[in-house]
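Report on one structure; see the data block that follows.
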2 protein chains.
Amino acid sequence: MPQRHLLIVAHGSRRQASNDEVRALGERIGELHDPAIHRVEVAFLELAEPSIPDGLARCVDQGAEEIIVFPYFLAAGTHVANDIPQALAAFGERYPDVRVRLAAHLGASTSLARTVLDGVGEMG
Amino acid sequence: MPQRHLLIVAHGSRRQASNDEVRALGERIGELHDPAIHRVEVAFLELAEPSIPDGLARCVDQGAEEIIVFPYFLAAGTHVANDIPQALAAFGERYPDVRVRLAAHLGASTSLARTVLDGVGEMG
């Protein structure tokens with residue numbers, strides 16, 4: 001099985017705390033130690049670092065043979081439909097030996113409805 | 001136990017498909033038939049209908065005695081910290097008998113890390 005890395009791609013914000021929320025989520029995902037995922041990184045479409053190309057390169061530097069890109073977006077707008085695929089295509093031309101797979105965006109997750117109810121349940 | 005309704009509050013988008021994604025999520029949450037939630041509605045901060053005041057009023061019209069407001073936002077920015085609480089405060093002055101509780105925003109859900117991995121797992 002190829003060494004598979006997960007790259008969480010968020011929009012990025014001028015507000016650093018929002019970017020830090022994404023970074024913290026990436027760490028929490030890593031701490032779940034999914035056996036199918038060797039390592040978890042985060043990247044940002046704009047306004048924050050690392051960029052998507054830098055995030056992908058970081059995965060490769062760490063030995064990734066396959067990278068799953070997860071769009072951390074609630075809606076399937078232009079960013080999800082166009083911008084992220086474009087960034088991946090450019091990477092694919094430079095690194096043809098690394099398989100890159102684009103996951104569905106967060107808003108399309110079938111378990112999101114349950115996640116919302118879990119959040120409500122945590123209120124007590 | 002008071003009749004409790006859940007109001008999912010999203011940002012709202014000029015892109016109608018994004019608003020429809022939120023509405024579809026609201027329906028999926030309703031279909032989970034959480035025993036603690038009588039009914040699920042959605043509302044939008046801007047750019048889409050219903051507004052937060054209209055969404056709250058709709059809950060009241062349907063018999064809500066308690067409304068849980070769930071900010072469907074990934075980051076705790078100004079919208080979550082200021083705009084939504086302001087809308088709730090205005091409602092509270094008009095409907096003092098209806099208890100309104102503000103849940104943590106989606107990005108703060110402890111189960112979100114698992115949700116991301118579930119999404120990746122669905123890729124096969």
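We label chains A, B, ... in the order they appear in the structure tokens, count residues from 1 in each chain, and number ligands from 1 in the order shown.
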
Discussion item. Could you work out which residues of chain A fall inside 8 Å of chain B? Count only C-alpha atoms, and format the result as an MDAnalysis selection string.
Written reply: chainID A and resid 15 18 21 25:26 28:29 32 34 68 70 74:77 103:104 106:107 109:120 123

Residues just named, written with N, CA and C atoms as an mmCIF file, in the first residue's frame:
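part39.cif, freshly written:
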```cif
data_model
loop_
_atom_site.group_PDB
_atom_site.id
_atom_site.type_symbol
_atom_site.label_atom_id
_atom_site.label_comp_id
_atom_site.auth_asym_id
_atom_site.auth_seq_id
_atom_site.Cartn_x
_atom_site.Cartn_y
_atom_site.Cartn_z
ATOM 1 N N ARG A 15 -7.876 36.552 9.513
ATOM 2 C CA ARG A 15 -7.917 36.389 10.954
ATOM 3 C C ARG A 15 -7.084 35.158 11.321
ATOM 4 N N SER A 18 -8.568 32.014 12.924
ATOM 5 C CA SER A 18 -9.317 31.083 12.073
ATOM 6 C C SER A 18 -8.378 30.077 11.418
ATOM 7 N N GLU A 21 -7.441 27.565 13.907
ATOM 8 C CA GLU A 21 -8.485 26.555 14.128
ATOM 9 C C GLU A 21 -8.307 25.392 13.158
ATOM 10 N N LEU A 25 -7.352 21.517 13.938
ATOM 11 C CA LEU A 25 -8.138 20.389 13.434
ATOM 12 C C LEU A 25 -7.217 19.365 12.773
ATOM 13 N N GLY A 26 -6.261 19.851 11.971
ATOM 14 C CA GLY A 26 -5.318 18.933 11.331
ATOM 15 C C GLY A 26 -4.580 18.097 12.368
ATOM 16 N N ARG A 28 -5.683 17.356 15.399
ATOM 17 C CA ARG A 28 -6.629 16.397 16.002
ATOM 18 C C ARG A 28 -6.853 15.201 15.085
ATOM 19 N N ILE A 29 -6.920 15.465 13.778
ATOM 20 C CA ILE A 29 -7.092 14.353 12.835
ATOM 21 C C ILE A 29 -5.879 13.432 12.903
ATOM 22 N N LEU A 32 -5.881 10.989 15.708
ATOM 23 C CA LEU A 32 -6.793 9.849 15.616
ATOM 24 C C LEU A 32 -6.076 8.618 15.033
ATOM 25 N N ASP A 34 -5.463 7.302 12.104
ATOM 26 C CA ASP A 34 -6.125 6.435 11.124
ATOM 27 C C ASP A 34 -5.061 5.566 10.449
ATOM 28 N N ILE A 68 -4.199 12.510 -0.430
ATOM 29 C CA ILE A 68 -5.637 12.767 -0.504
ATOM 30 C C ILE A 68 -5.867 14.215 -0.084
ATOM 31 N N PHE A 70 -8.389 17.047 0.944
ATOM 32 C CA PHE A 70 -9.748 17.170 1.501
ATOM 33 C C PHE A 70 -10.128 18.648 1.578
ATOM 34 N N LEU A 74 -17.626 24.216 3.368
ATOM 35 C CA LEU A 74 -18.999 23.762 3.580
ATOM 36 C C LEU A 74 -19.783 23.700 2.277
ATOM 37 N N ALA A 75 -19.441 24.545 1.334
ATOM 38 C CA ALA A 75 -20.215 24.592 0.090
ATOM 39 C C ALA A 75 -19.315 24.328 -1.111
ATOM 40 N N ALA A 76 -19.915 23.764 -2.155
ATOM 41 C CA ALA A 76 -19.161 23.413 -3.364
ATOM 42 C C ALA A 76 -19.150 24.585 -4.334
ATOM 43 N N GLY A 77 -18.548 25.690 -3.944
ATOM 44 C CA GLY A 77 -18.476 26.870 -4.807
ATOM 45 C C GLY A 77 -17.292 26.806 -5.756
ATOM 46 N N ALA A 103 -10.850 14.479 -2.454
ATOM 47 C CA ALA A 103 -12.032 14.001 -1.727
ATOM 48 C C ALA A 103 -13.187 14.986 -1.915
ATOM 49 N N ALA A 104 -14.383 14.540 -1.606
ATOM 50 C CA ALA A 104 -15.533 15.447 -1.609
ATOM 51 C C ALA A 104 -15.338 16.491 -0.513
ATOM 52 N N LEU A 106 -16.125 19.032 2.659
ATOM 53 C CA LEU A 106 -16.719 18.717 3.968
ATOM 54 C C LEU A 106 -18.250 18.758 3.950
ATOM 55 N N GLY A 107 -18.805 19.779 3.298
ATOM 56 C CA GLY A 107 -20.262 19.933 3.297
ATOM 57 C C GLY A 107 -20.998 18.765 2.688
ATOM 58 N N SER A 109 -20.162 15.609 3.270
ATOM 59 C CA SER A 109 -19.997 14.420 4.111
ATOM 60 C C SER A 109 -21.342 13.938 4.619
ATOM 61 N N THR A 110 -21.583 12.670 4.436
ATOM 62 C CA THR A 110 -22.870 12.135 4.878
ATOM 63 C C THR A 110 -22.976 12.134 6.405
ATOM 64 N N SER A 111 -21.852 12.193 7.091
ATOM 65 C CA SER A 111 -21.913 12.158 8.551
ATOM 66 C C SER A 111 -22.040 13.550 9.177
ATOM 67 N N LEU A 112 -22.141 14.595 8.347
ATOM 68 C CA LEU A 112 -22.168 15.961 8.884
ATOM 69 C C LEU A 112 -23.443 16.242 9.693
ATOM 70 N N ALA A 113 -24.541 15.652 9.260
ATOM 71 C CA ALA A 113 -25.792 15.856 10.004
ATOM 72 C C ALA A 113 -25.640 15.337 11.440
ATOM 73 N N ARG A 114 -24.999 14.184 11.541
ATOM 74 C CA ARG A 114 -24.771 13.600 12.874
ATOM 75 C C ARG A 114 -23.801 14.478 13.670
ATOM 76 N N THR A 115 -22.803 15.042 12.992
ATOM 77 C CA THR A 115 -21.838 15.917 13.664
ATOM 78 C C THR A 115 -22.544 17.116 14.288
ATOM 79 N N VAL A 116 -23.497 17.698 13.553
ATOM 80 C CA VAL A 116 -24.248 18.838 14.094
ATOM 81 C C VAL A 116 -25.006 18.414 15.353
ATOM 82 N N LEU A 117 -25.674 17.278 15.283
ATOM 83 C CA LEU A 117 -26.430 16.820 16.458
ATOM 84 C C LEU A 117 -25.496 16.499 17.617
ATOM 85 N N ASP A 118 -24.316 15.977 17.314
ATOM 86 C CA ASP A 118 -23.339 15.731 18.380
ATOM 87 C C ASP A 118 -22.975 17.050 19.069
ATOM 88 N N GLY A 119 -22.780 18.099 18.258
ATOM 89 C CA GLY A 119 -22.451 19.404 18.822
ATOM 90 C C GLY A 119 -23.555 19.921 19.724
ATOM 91 N N VAL A 120 -24.787 19.731 19.285
ATOM 92 C CA VAL A 120 -25.936 20.152 20.110
ATOM 93 C C VAL A 120 -25.979 19.328 21.386
ATOM 94 N N MET A 123 -24.025 20.317 24.434
ATOM 95 C CA MET A 123 -24.488 21.442 25.254
ATOM 96 C C MET A 123 -25.101 20.956 26.562
#
```

Can you list every residue in chain B that DSSP puts in alpha helix (DSSP H), as a tab-separated table (two decimals) with C-alpha atoms, in the first residue's frame?
```tsv
chain	number	residue	atom	x	y	z
B	16	GLN	CA	-28.25	29.41	-4.62
B	17	ALA	CA	-26.81	25.90	-4.80
B	18	SER	CA	-24.78	26.66	-1.66
B	19	ASN	CA	-27.90	27.76	0.20
B	20	ASP	CA	-29.66	24.63	-1.02
B	21	GLU	CA	-26.80	22.54	0.40
B	22	VAL	CA	-27.58	24.03	3.81
B	23	ARG	CA	-31.30	23.42	3.41
B	24	ALA	CA	-30.60	19.82	2.43
B	25	LEU	CA	-28.42	19.41	5.51
B	26	GLY	CA	-31.27	20.73	7.66
B	27	GLU	CA	-33.56	18.11	6.17
B	28	ARG	CA	-31.02	15.34	6.77
B	29	ILE	CA	-30.69	16.42	10.40
B	30	GLY	CA	-34.47	16.35	10.74
B	31	GLU	CA	-34.56	12.86	9.26
B	52	ILE	CA	-32.24	34.78	11.46
B	53	PRO	CA	-35.22	36.77	12.86
B	54	ASP	CA	-37.55	35.08	10.38
B	55	GLY	CA	-36.12	31.67	11.19
B	56	LEU	CA	-36.58	32.23	14.92
B	57	ALA	CA	-40.13	33.50	14.36
B	58	ARG	CA	-40.88	30.43	12.28
B	59	CYS	CA	-39.79	28.22	15.18
B	60	VAL	CA	-42.06	30.14	17.55
B	61	ASP	CA	-44.98	29.90	15.13
B	78	THR	CA	-17.11	38.14	13.68
B	84	ILE	CA	-25.42	35.97	15.49
B	85	PRO	CA	-25.50	36.86	19.23
B	86	GLN	CA	-26.81	40.32	18.31
B	87	ALA	CA	-29.64	38.82	16.30
B	88	LEU	CA	-30.50	36.52	19.20
B	89	ALA	CA	-30.48	39.39	21.71
B	90	ALA	CA	-32.96	41.34	19.59
B	91	PHE	CA	-35.21	38.29	19.44
B	92	GLY	CA	-34.98	37.79	23.20
B	93	GLU	CA	-36.35	41.27	23.79
B	94	ARG	CA	-39.38	40.52	21.63
B	112	LEU	CA	-15.31	17.10	13.26
B	113	ALA	CA	-11.93	15.38	13.01
B	114	ARG	CA	-13.71	12.06	12.80
B	115	THR	CA	-16.13	13.51	10.21
B	116	VAL	CA	-13.20	14.41	7.97
B	117	LEU	CA	-11.77	10.90	8.21
B	118	ASP	CA	-15.21	9.46	7.49
B	119	GLY	CA	-15.31	11.55	4.33
B	120	VAL	CA	-11.91	10.26	3.30
B	121	GLY	CA	-12.96	6.71	4.11
```

Can you give chain B as a compact mmCIF listing (two decimals) with N, CA and C atoms, in the first residue's frame after you superpose it on chain A, pairing all C-alpha atoms in order for the least-squares fit?
```
# COMPACT_ATOMS: atom_id res chain seq x y z
N MET B 1 0.83 -1.23 0.01
CA MET B 1 0.00 -0.02 0.02
C MET B 1 0.89 1.22 0.01
N PRO B 2 0.59 2.18 -0.85
CA PRO B 2 1.43 3.38 -0.92
C PRO B 2 1.33 4.20 0.36
N GLN B 3 2.41 4.94 0.64
CA GLN B 3 2.36 5.83 1.81
C GLN B 3 1.40 6.98 1.49
N ARG B 4 0.30 7.02 2.21
CA ARG B 4 -0.77 7.97 1.92
C ARG B 4 -0.79 9.12 2.93
N HIS B 5 -0.76 10.33 2.44
CA HIS B 5 -0.86 11.51 3.30
C HIS B 5 -2.19 12.21 3.03
N LEU B 6 -2.67 12.90 4.04
CA LEU B 6 -3.92 13.65 3.93
C LEU B 6 -3.61 15.14 4.02
N LEU B 7 -4.05 15.89 3.00
CA LEU B 7 -3.85 17.34 3.01
C LEU B 7 -5.22 18.02 3.13
N ILE B 8 -5.45 18.64 4.28
CA ILE B 8 -6.69 19.39 4.51
C ILE B 8 -6.51 20.77 3.88
N VAL B 9 -7.36 21.13 2.93
CA VAL B 9 -7.24 22.44 2.28
C VAL B 9 -8.40 23.34 2.71
N ALA B 10 -8.06 24.43 3.41
CA ALA B 10 -9.05 25.39 3.86
C ALA B 10 -8.93 26.67 3.04
N HIS B 11 -9.91 27.56 3.17
CA HIS B 11 -9.86 28.79 2.39
C HIS B 11 -8.71 29.69 2.82
N GLY B 12 -8.53 29.82 4.14
CA GLY B 12 -7.58 30.79 4.66
C GLY B 12 -8.29 32.09 4.99
N SER B 13 -7.81 32.76 6.04
CA SER B 13 -8.47 33.96 6.54
C SER B 13 -7.43 34.99 6.95
N ARG B 14 -7.84 36.28 6.91
CA ARG B 14 -6.95 37.33 7.44
C ARG B 14 -6.87 37.23 8.96
N ARG B 15 -7.86 36.55 9.52
CA ARG B 15 -7.91 36.39 10.97
C ARG B 15 -7.09 35.15 11.35
N GLN B 16 -5.95 35.37 11.98
CA GLN B 16 -5.05 34.25 12.23
C GLN B 16 -5.68 33.16 13.10
N ALA B 17 -6.57 33.57 14.01
CA ALA B 17 -7.20 32.57 14.87
C ALA B 17 -7.99 31.55 14.05
N SER B 18 -8.57 32.00 12.93
CA SER B 18 -9.33 31.08 12.08
C SER B 18 -8.38 30.07 11.43
N ASN B 19 -7.23 30.56 10.97
CA ASN B 19 -6.26 29.63 10.38
C ASN B 19 -5.74 28.65 11.44
N ASP B 20 -5.58 29.16 12.65
CA ASP B 20 -5.11 28.28 13.73
C ASP B 20 -6.14 27.22 14.07
N GLU B 21 -7.44 27.56 13.91
CA GLU B 21 -8.48 26.55 14.13
C GLU B 21 -8.31 25.39 13.14
N VAL B 22 -7.95 25.73 11.90
CA VAL B 22 -7.76 24.69 10.89
C VAL B 22 -6.53 23.85 11.24
N ARG B 23 -5.47 24.54 11.63
CA ARG B 23 -4.25 23.80 12.00
C ARG B 23 -4.50 22.87 13.19
N ALA B 24 -5.29 23.36 14.15
CA ALA B 24 -5.61 22.52 15.31
C ALA B 24 -6.44 21.31 14.89
N LEU B 25 -7.34 21.52 13.94
CA LEU B 25 -8.13 20.40 13.43
C LEU B 25 -7.21 19.36 12.78
N GLY B 26 -6.25 19.85 11.98
CA GLY B 26 -5.30 18.93 11.34
C GLY B 26 -4.57 18.09 12.38
N GLU B 27 -4.19 18.73 13.48
CA GLU B 27 -3.50 17.98 14.54
C GLU B 27 -4.42 16.95 15.17
N ARG B 28 -5.69 17.35 15.39
CA ARG B 28 -6.63 16.39 16.00
C ARG B 28 -6.86 15.21 15.08
N ILE B 29 -6.92 15.47 13.77
CA ILE B 29 -7.10 14.36 12.83
C ILE B 29 -5.89 13.43 12.90
N GLY B 30 -4.69 14.03 12.96
CA GLY B 30 -3.48 13.22 13.06
C GLY B 30 -3.48 12.36 14.32
N GLU B 31 -4.00 12.93 15.40
CA GLU B 31 -4.00 12.21 16.68
C GLU B 31 -4.98 11.03 16.69
N LEU B 32 -5.88 10.99 15.71
CA LEU B 32 -6.80 9.85 15.62
C LEU B 32 -6.09 8.63 15.04
N HIS B 33 -4.89 8.84 14.50
CA HIS B 33 -4.05 7.76 14.00
C HIS B 33 -4.80 6.78 13.11
N ASP B 34 -5.46 7.31 12.11
CA ASP B 34 -6.12 6.44 11.13
C ASP B 34 -5.06 5.58 10.46
N PRO B 35 -5.25 4.26 10.49
CA PRO B 35 -4.20 3.38 9.94
C PRO B 35 -3.96 3.57 8.44
N ALA B 36 -4.92 4.15 7.73
CA ALA B 36 -4.76 4.34 6.29
C ALA B 36 -4.04 5.65 5.94
N ILE B 37 -3.82 6.50 6.94
CA ILE B 37 -3.24 7.82 6.71
C ILE B 37 -1.90 7.92 7.44
N HIS B 38 -0.83 8.11 6.68
CA HIS B 38 0.49 8.17 7.30
C HIS B 38 0.71 9.47 8.03
N ARG B 39 0.24 10.55 7.46
CA ARG B 39 0.52 11.86 8.03
C ARG B 39 -0.55 12.85 7.56
N VAL B 40 -0.84 13.86 8.38
CA VAL B 40 -1.85 14.86 8.05
C VAL B 40 -1.20 16.24 7.99
N GLU B 41 -1.47 16.97 6.91
CA GLU B 41 -0.99 18.35 6.77
C GLU B 41 -2.18 19.24 6.45
N VAL B 42 -2.00 20.54 6.64
CA VAL B 42 -3.02 21.49 6.21
C VAL B 42 -2.39 22.47 5.23
N ALA B 43 -3.23 23.04 4.36
CA ALA B 43 -2.79 24.07 3.43
C ALA B 43 -3.97 25.02 3.20
N PHE B 44 -3.67 26.19 2.61
CA PHE B 44 -4.68 27.21 2.45
C PHE B 44 -4.72 27.70 1.01
N LEU B 45 -5.93 27.94 0.54
CA LEU B 45 -6.11 28.42 -0.82
C LEU B 45 -5.54 29.83 -0.97
N GLU B 46 -5.75 30.65 0.04
CA GLU B 46 -5.23 32.02 0.00
C GLU B 46 -5.17 32.57 1.41
N LEU B 47 -4.48 33.68 1.58
CA LEU B 47 -4.44 34.47 2.82
C LEU B 47 -3.68 33.82 3.97
N ALA B 48 -3.22 32.59 3.81
CA ALA B 48 -2.47 31.95 4.90
C ALA B 48 -1.48 30.96 4.30
N GLU B 49 -0.53 30.56 5.11
CA GLU B 49 0.50 29.62 4.68
C GLU B 49 0.37 28.31 5.44
N PRO B 50 0.76 27.19 4.83
CA PRO B 50 1.32 27.08 3.48
C PRO B 50 0.23 27.12 2.41
N SER B 51 0.64 27.47 1.20
CA SER B 51 -0.25 27.41 0.05
C SER B 51 -0.51 25.95 -0.32
N ILE B 52 -1.42 25.73 -1.25
CA ILE B 52 -1.67 24.35 -1.69
C ILE B 52 -0.41 23.75 -2.33
N PRO B 53 0.28 24.43 -3.25
CA PRO B 53 1.50 23.84 -3.81
C PRO B 53 2.54 23.53 -2.73
N ASP B 54 2.68 24.44 -1.76
CA ASP B 54 3.66 24.20 -0.69
C ASP B 54 3.22 23.03 0.20
N GLY B 55 1.93 22.93 0.45
CA GLY B 55 1.44 21.82 1.26
C GLY B 55 1.66 20.48 0.57
N LEU B 56 1.39 20.45 -0.74
CA LEU B 56 1.61 19.21 -1.51
C LEU B 56 3.10 18.85 -1.51
N ALA B 57 3.94 19.88 -1.71
CA ALA B 57 5.39 19.63 -1.75
C ALA B 57 5.87 19.12 -0.39
N ARG B 58 5.29 19.65 0.66
CA ARG B 58 5.67 19.19 2.01
C ARG B 58 5.34 17.71 2.17
N CYS B 59 4.17 17.31 1.66
CA CYS B 59 3.82 15.88 1.73
C CYS B 59 4.84 15.03 0.98
N VAL B 60 5.22 15.50 -0.22
CA VAL B 60 6.20 14.73 -1.02
C VAL B 60 7.53 14.65 -0.29
N ASP B 61 7.96 15.77 0.28
CA ASP B 61 9.23 15.79 1.01
C ASP B 61 9.23 14.78 2.16
N GLN B 62 8.04 14.54 2.69
CA GLN B 62 7.92 13.62 3.83
C GLN B 62 7.66 12.19 3.37
N GLY B 63 7.74 11.96 2.07
CA GLY B 63 7.66 10.58 1.59
C GLY B 63 6.32 10.15 1.04
N ALA B 64 5.40 11.08 0.85
CA ALA B 64 4.08 10.68 0.35
C ALA B 64 4.17 10.07 -1.04
N GLU B 65 3.48 8.96 -1.23
CA GLU B 65 3.34 8.36 -2.56
C GLU B 65 1.93 8.59 -3.09
N GLU B 66 1.03 8.89 -2.17
CA GLU B 66 -0.34 9.23 -2.53
C GLU B 66 -0.80 10.33 -1.58
N ILE B 67 -1.47 11.33 -2.13
CA ILE B 67 -1.97 12.44 -1.31
C ILE B 67 -3.47 12.57 -1.53
N ILE B 68 -4.20 12.50 -0.43
CA ILE B 68 -5.63 12.77 -0.50
C ILE B 68 -5.86 14.21 -0.09
N VAL B 69 -6.47 14.97 -0.97
CA VAL B 69 -6.75 16.38 -0.70
C VAL B 69 -8.20 16.50 -0.27
N PHE B 70 -8.39 17.06 0.93
CA PHE B 70 -9.74 17.18 1.48
C PHE B 70 -10.12 18.65 1.56
N PRO B 71 -11.06 19.10 0.73
CA PRO B 71 -11.48 20.51 0.77
C PRO B 71 -12.32 20.78 2.03
N TYR B 72 -11.75 21.58 2.92
CA TYR B 72 -12.43 21.91 4.18
C TYR B 72 -13.33 23.12 3.94
N PHE B 73 -14.37 22.86 3.16
CA PHE B 73 -15.33 23.89 2.75
C PHE B 73 -16.74 23.34 2.98
N LEU B 74 -17.64 24.21 3.39
CA LEU B 74 -19.01 23.77 3.60
C LEU B 74 -19.80 23.70 2.31
N ALA B 75 -19.44 24.54 1.33
CA ALA B 75 -20.22 24.59 0.09
C ALA B 75 -19.31 24.32 -1.11
N ALA B 76 -19.91 23.76 -2.14
CA ALA B 76 -19.16 23.41 -3.35
C ALA B 76 -19.15 24.58 -4.32
N GLY B 77 -18.54 25.69 -3.92
CA GLY B 77 -18.47 26.85 -4.81
C GLY B 77 -17.29 26.79 -5.75
N THR B 78 -16.93 27.95 -6.28
CA THR B 78 -15.84 28.02 -7.26
C THR B 78 -14.52 27.49 -6.70
N HIS B 79 -14.27 27.76 -5.44
CA HIS B 79 -13.01 27.31 -4.86
C HIS B 79 -12.89 25.79 -4.94
N VAL B 80 -14.00 25.13 -4.58
CA VAL B 80 -13.98 23.67 -4.58
C VAL B 80 -14.01 23.12 -6.01
N ALA B 81 -14.82 23.75 -6.84
CA ALA B 81 -15.04 23.21 -8.19
C ALA B 81 -13.89 23.54 -9.14
N ASN B 82 -13.27 24.70 -8.97
CA ASN B 82 -12.25 25.13 -9.94
C ASN B 82 -10.86 25.34 -9.33
N ASP B 83 -10.78 26.17 -8.29
CA ASP B 83 -9.47 26.60 -7.81
C ASP B 83 -8.62 25.45 -7.28
N ILE B 84 -9.23 24.61 -6.45
CA ILE B 84 -8.45 23.50 -5.89
C ILE B 84 -8.05 22.50 -6.99
N PRO B 85 -8.99 22.08 -7.85
CA PRO B 85 -8.57 21.17 -8.94
C PRO B 85 -7.46 21.75 -9.81
N GLN B 86 -7.51 23.06 -10.06
CA GLN B 86 -6.44 23.68 -10.86
C GLN B 86 -5.08 23.56 -10.18
N ALA B 87 -5.07 23.80 -8.88
CA ALA B 87 -3.81 23.68 -8.14
C ALA B 87 -3.29 22.25 -8.19
N LEU B 88 -4.20 21.29 -8.12
CA LEU B 88 -3.78 19.88 -8.15
C LEU B 88 -3.25 19.50 -9.53
N ALA B 89 -3.88 20.04 -10.57
CA ALA B 89 -3.43 19.71 -11.93
C ALA B 89 -2.02 20.21 -12.16
N ALA B 90 -1.73 21.42 -11.67
CA ALA B 90 -0.38 21.97 -11.82
C ALA B 90 0.63 21.11 -11.09
N PHE B 91 0.25 20.62 -9.92
CA PHE B 91 1.14 19.75 -9.16
C PHE B 91 1.39 18.44 -9.91
N GLY B 92 0.32 17.90 -10.49
CA GLY B 92 0.42 16.62 -11.20
C GLY B 92 1.40 16.66 -12.36
N GLU B 93 1.49 17.86 -12.97
CA GLU B 93 2.45 17.98 -14.08
C GLU B 93 3.89 17.94 -13.58
N ARG B 94 4.09 18.47 -12.38
CA ARG B 94 5.45 18.51 -11.82
C ARG B 94 5.84 17.20 -11.16
N TYR B 95 4.87 16.51 -10.57
CA TYR B 95 5.15 15.28 -9.82
C TYR B 95 4.26 14.15 -10.35
N PRO B 96 4.53 13.68 -11.53
CA PRO B 96 3.63 12.67 -12.13
C PRO B 96 3.63 11.34 -11.37
N ASP B 97 4.64 11.11 -10.55
CA ASP B 97 4.70 9.82 -9.85
C ASP B 97 3.92 9.79 -8.54
N VAL B 98 3.45 10.93 -8.11
CA VAL B 98 2.67 10.99 -6.87
C VAL B 98 1.19 11.04 -7.22
N ARG B 99 0.45 10.07 -6.71
CA ARG B 99 -0.98 10.06 -7.00
C ARG B 99 -1.69 11.05 -6.09
N VAL B 100 -2.49 11.92 -6.68
CA VAL B 100 -3.26 12.89 -5.90
C VAL B 100 -4.74 12.62 -6.13
N ARG B 101 -5.47 12.46 -5.04
CA ARG B 101 -6.91 12.20 -5.14
C ARG B 101 -7.67 13.30 -4.39
N LEU B 102 -8.70 13.78 -5.01
CA LEU B 102 -9.50 14.86 -4.43
C LEU B 102 -10.75 14.28 -3.77
N ALA B 103 -10.85 14.48 -2.48
CA ALA B 103 -12.04 14.00 -1.75
C ALA B 103 -13.19 14.98 -1.95
N ALA B 104 -14.40 14.54 -1.63
CA ALA B 104 -15.55 15.46 -1.62
C ALA B 104 -15.35 16.49 -0.51
N HIS B 105 -15.89 17.69 -0.72
CA HIS B 105 -15.75 18.73 0.30
C HIS B 105 -16.53 18.37 1.57
N LEU B 106 -16.13 19.03 2.66
CA LEU B 106 -16.72 18.71 3.96
C LEU B 106 -18.25 18.75 3.94
N GLY B 107 -18.81 19.78 3.30
CA GLY B 107 -20.26 19.94 3.29
C GLY B 107 -21.00 18.76 2.69
N ALA B 108 -20.30 17.93 1.91
CA ALA B 108 -20.93 16.77 1.27
C ALA B 108 -20.84 15.52 2.14
N SER B 109 -20.16 15.60 3.27
CA SER B 109 -20.00 14.41 4.11
C SER B 109 -21.35 13.92 4.62
N THR B 110 -21.58 12.66 4.44
CA THR B 110 -22.87 12.13 4.88
C THR B 110 -22.98 12.13 6.40
N SER B 111 -21.85 12.19 7.11
CA SER B 111 -21.91 12.16 8.57
C SER B 111 -22.03 13.55 9.19
N LEU B 112 -22.13 14.59 8.35
CA LEU B 112 -22.17 15.96 8.88
C LEU B 112 -23.44 16.23 9.68
N ALA B 113 -24.55 15.65 9.26
CA ALA B 113 -25.80 15.84 10.01
C ALA B 113 -25.64 15.32 11.43
N ARG B 114 -25.01 14.18 11.54
CA ARG B 114 -24.77 13.60 12.86
C ARG B 114 -23.82 14.47 13.66
N THR B 115 -22.81 15.05 12.98
CA THR B 115 -21.84 15.92 13.65
C THR B 115 -22.55 17.12 14.28
N VAL B 116 -23.51 17.69 13.55
CA VAL B 116 -24.25 18.83 14.09
C VAL B 116 -25.01 18.41 15.35
N LEU B 117 -25.68 17.28 15.28
CA LEU B 117 -26.44 16.82 16.46
C LEU B 117 -25.50 16.49 17.62
N ASP B 118 -24.31 15.98 17.32
CA ASP B 118 -23.34 15.74 18.38
C ASP B 118 -22.98 17.05 19.07
N GLY B 119 -22.78 18.10 18.25
CA GLY B 119 -22.45 19.40 18.81
C GLY B 119 -23.56 19.92 19.71
N VAL B 120 -24.80 19.73 19.28
CA VAL B 120 -25.93 20.15 20.09
C VAL B 120 -25.99 19.32 21.39
N GLY B 121 -25.74 18.03 21.24
CA GLY B 121 -25.78 17.14 22.41
C GLY B 121 -24.73 17.51 23.45
N GLU B 122 -23.62 18.06 22.99
CA GLU B 122 -22.55 18.44 23.93
C GLU B 122 -22.95 19.63 24.81
N MET B 123 -24.04 20.32 24.42
CA MET B 123 -24.49 21.45 25.24
C MET B 123 -25.11 20.98 26.54
N GLY B 124 -25.55 19.71 26.55
CA GLY B 124 -26.18 19.19 27.75
C GLY B 124 -27.64 19.60 27.86
```

Practice prompt. Could you give me the residues within segment 22-118 of chain A that DSSP places in strand (DSSP E or B), as a PyMOL selection string?
Written response: chain A and resi 39-44+51+66-71+99-102

Please write the residues from the selection above to a file, keeping C-alpha atoms, as an mmCIF file, in the first residue's frame.
```cif
data_model
loop_
_atom_site.group_PDB
_atom_site.id
_atom_site.type_symbol
_atom_site.label_atom_id
_atom_site.label_comp_id
_atom_site.auth_asym_id
_atom_site.auth_seq_id
_atom_site.Cartn_x
_atom_site.Cartn_y
_atom_site.Cartn_z
ATOM 1 C CA ARG A 39 0.501 11.871 8.030
ATOM 2 C CA VAL A 40 -1.842 14.874 8.050
ATOM 3 C CA GLU A 41 -0.986 18.344 6.758
ATOM 4 C CA VAL A 42 -3.024 21.494 6.203
ATOM 5 C CA ALA A 43 -2.797 24.083 3.430
ATOM 6 C CA PHE A 44 -4.690 27.224 2.464
ATOM 7 C CA SER A 51 -0.250 27.418 0.041
ATOM 8 C CA GLU A 66 -0.336 9.226 -2.529
ATOM 9 C CA ILE A 67 -1.963 12.441 -1.311
ATOM 10 C CA ILE A 68 -5.637 12.767 -0.504
ATOM 11 C CA VAL A 69 -6.745 16.385 -0.684
ATOM 12 C CA PHE A 70 -9.748 17.170 1.501
ATOM 13 C CA PRO A 71 -11.488 20.519 0.784
ATOM 14 C CA ARG A 99 -0.990 10.055 -6.995
ATOM 15 C CA VAL A 100 -3.262 12.884 -5.881
ATOM 16 C CA ARG A 101 -6.907 12.198 -5.124
ATOM 17 C CA LEU A 102 -9.487 14.867 -4.410
#
```
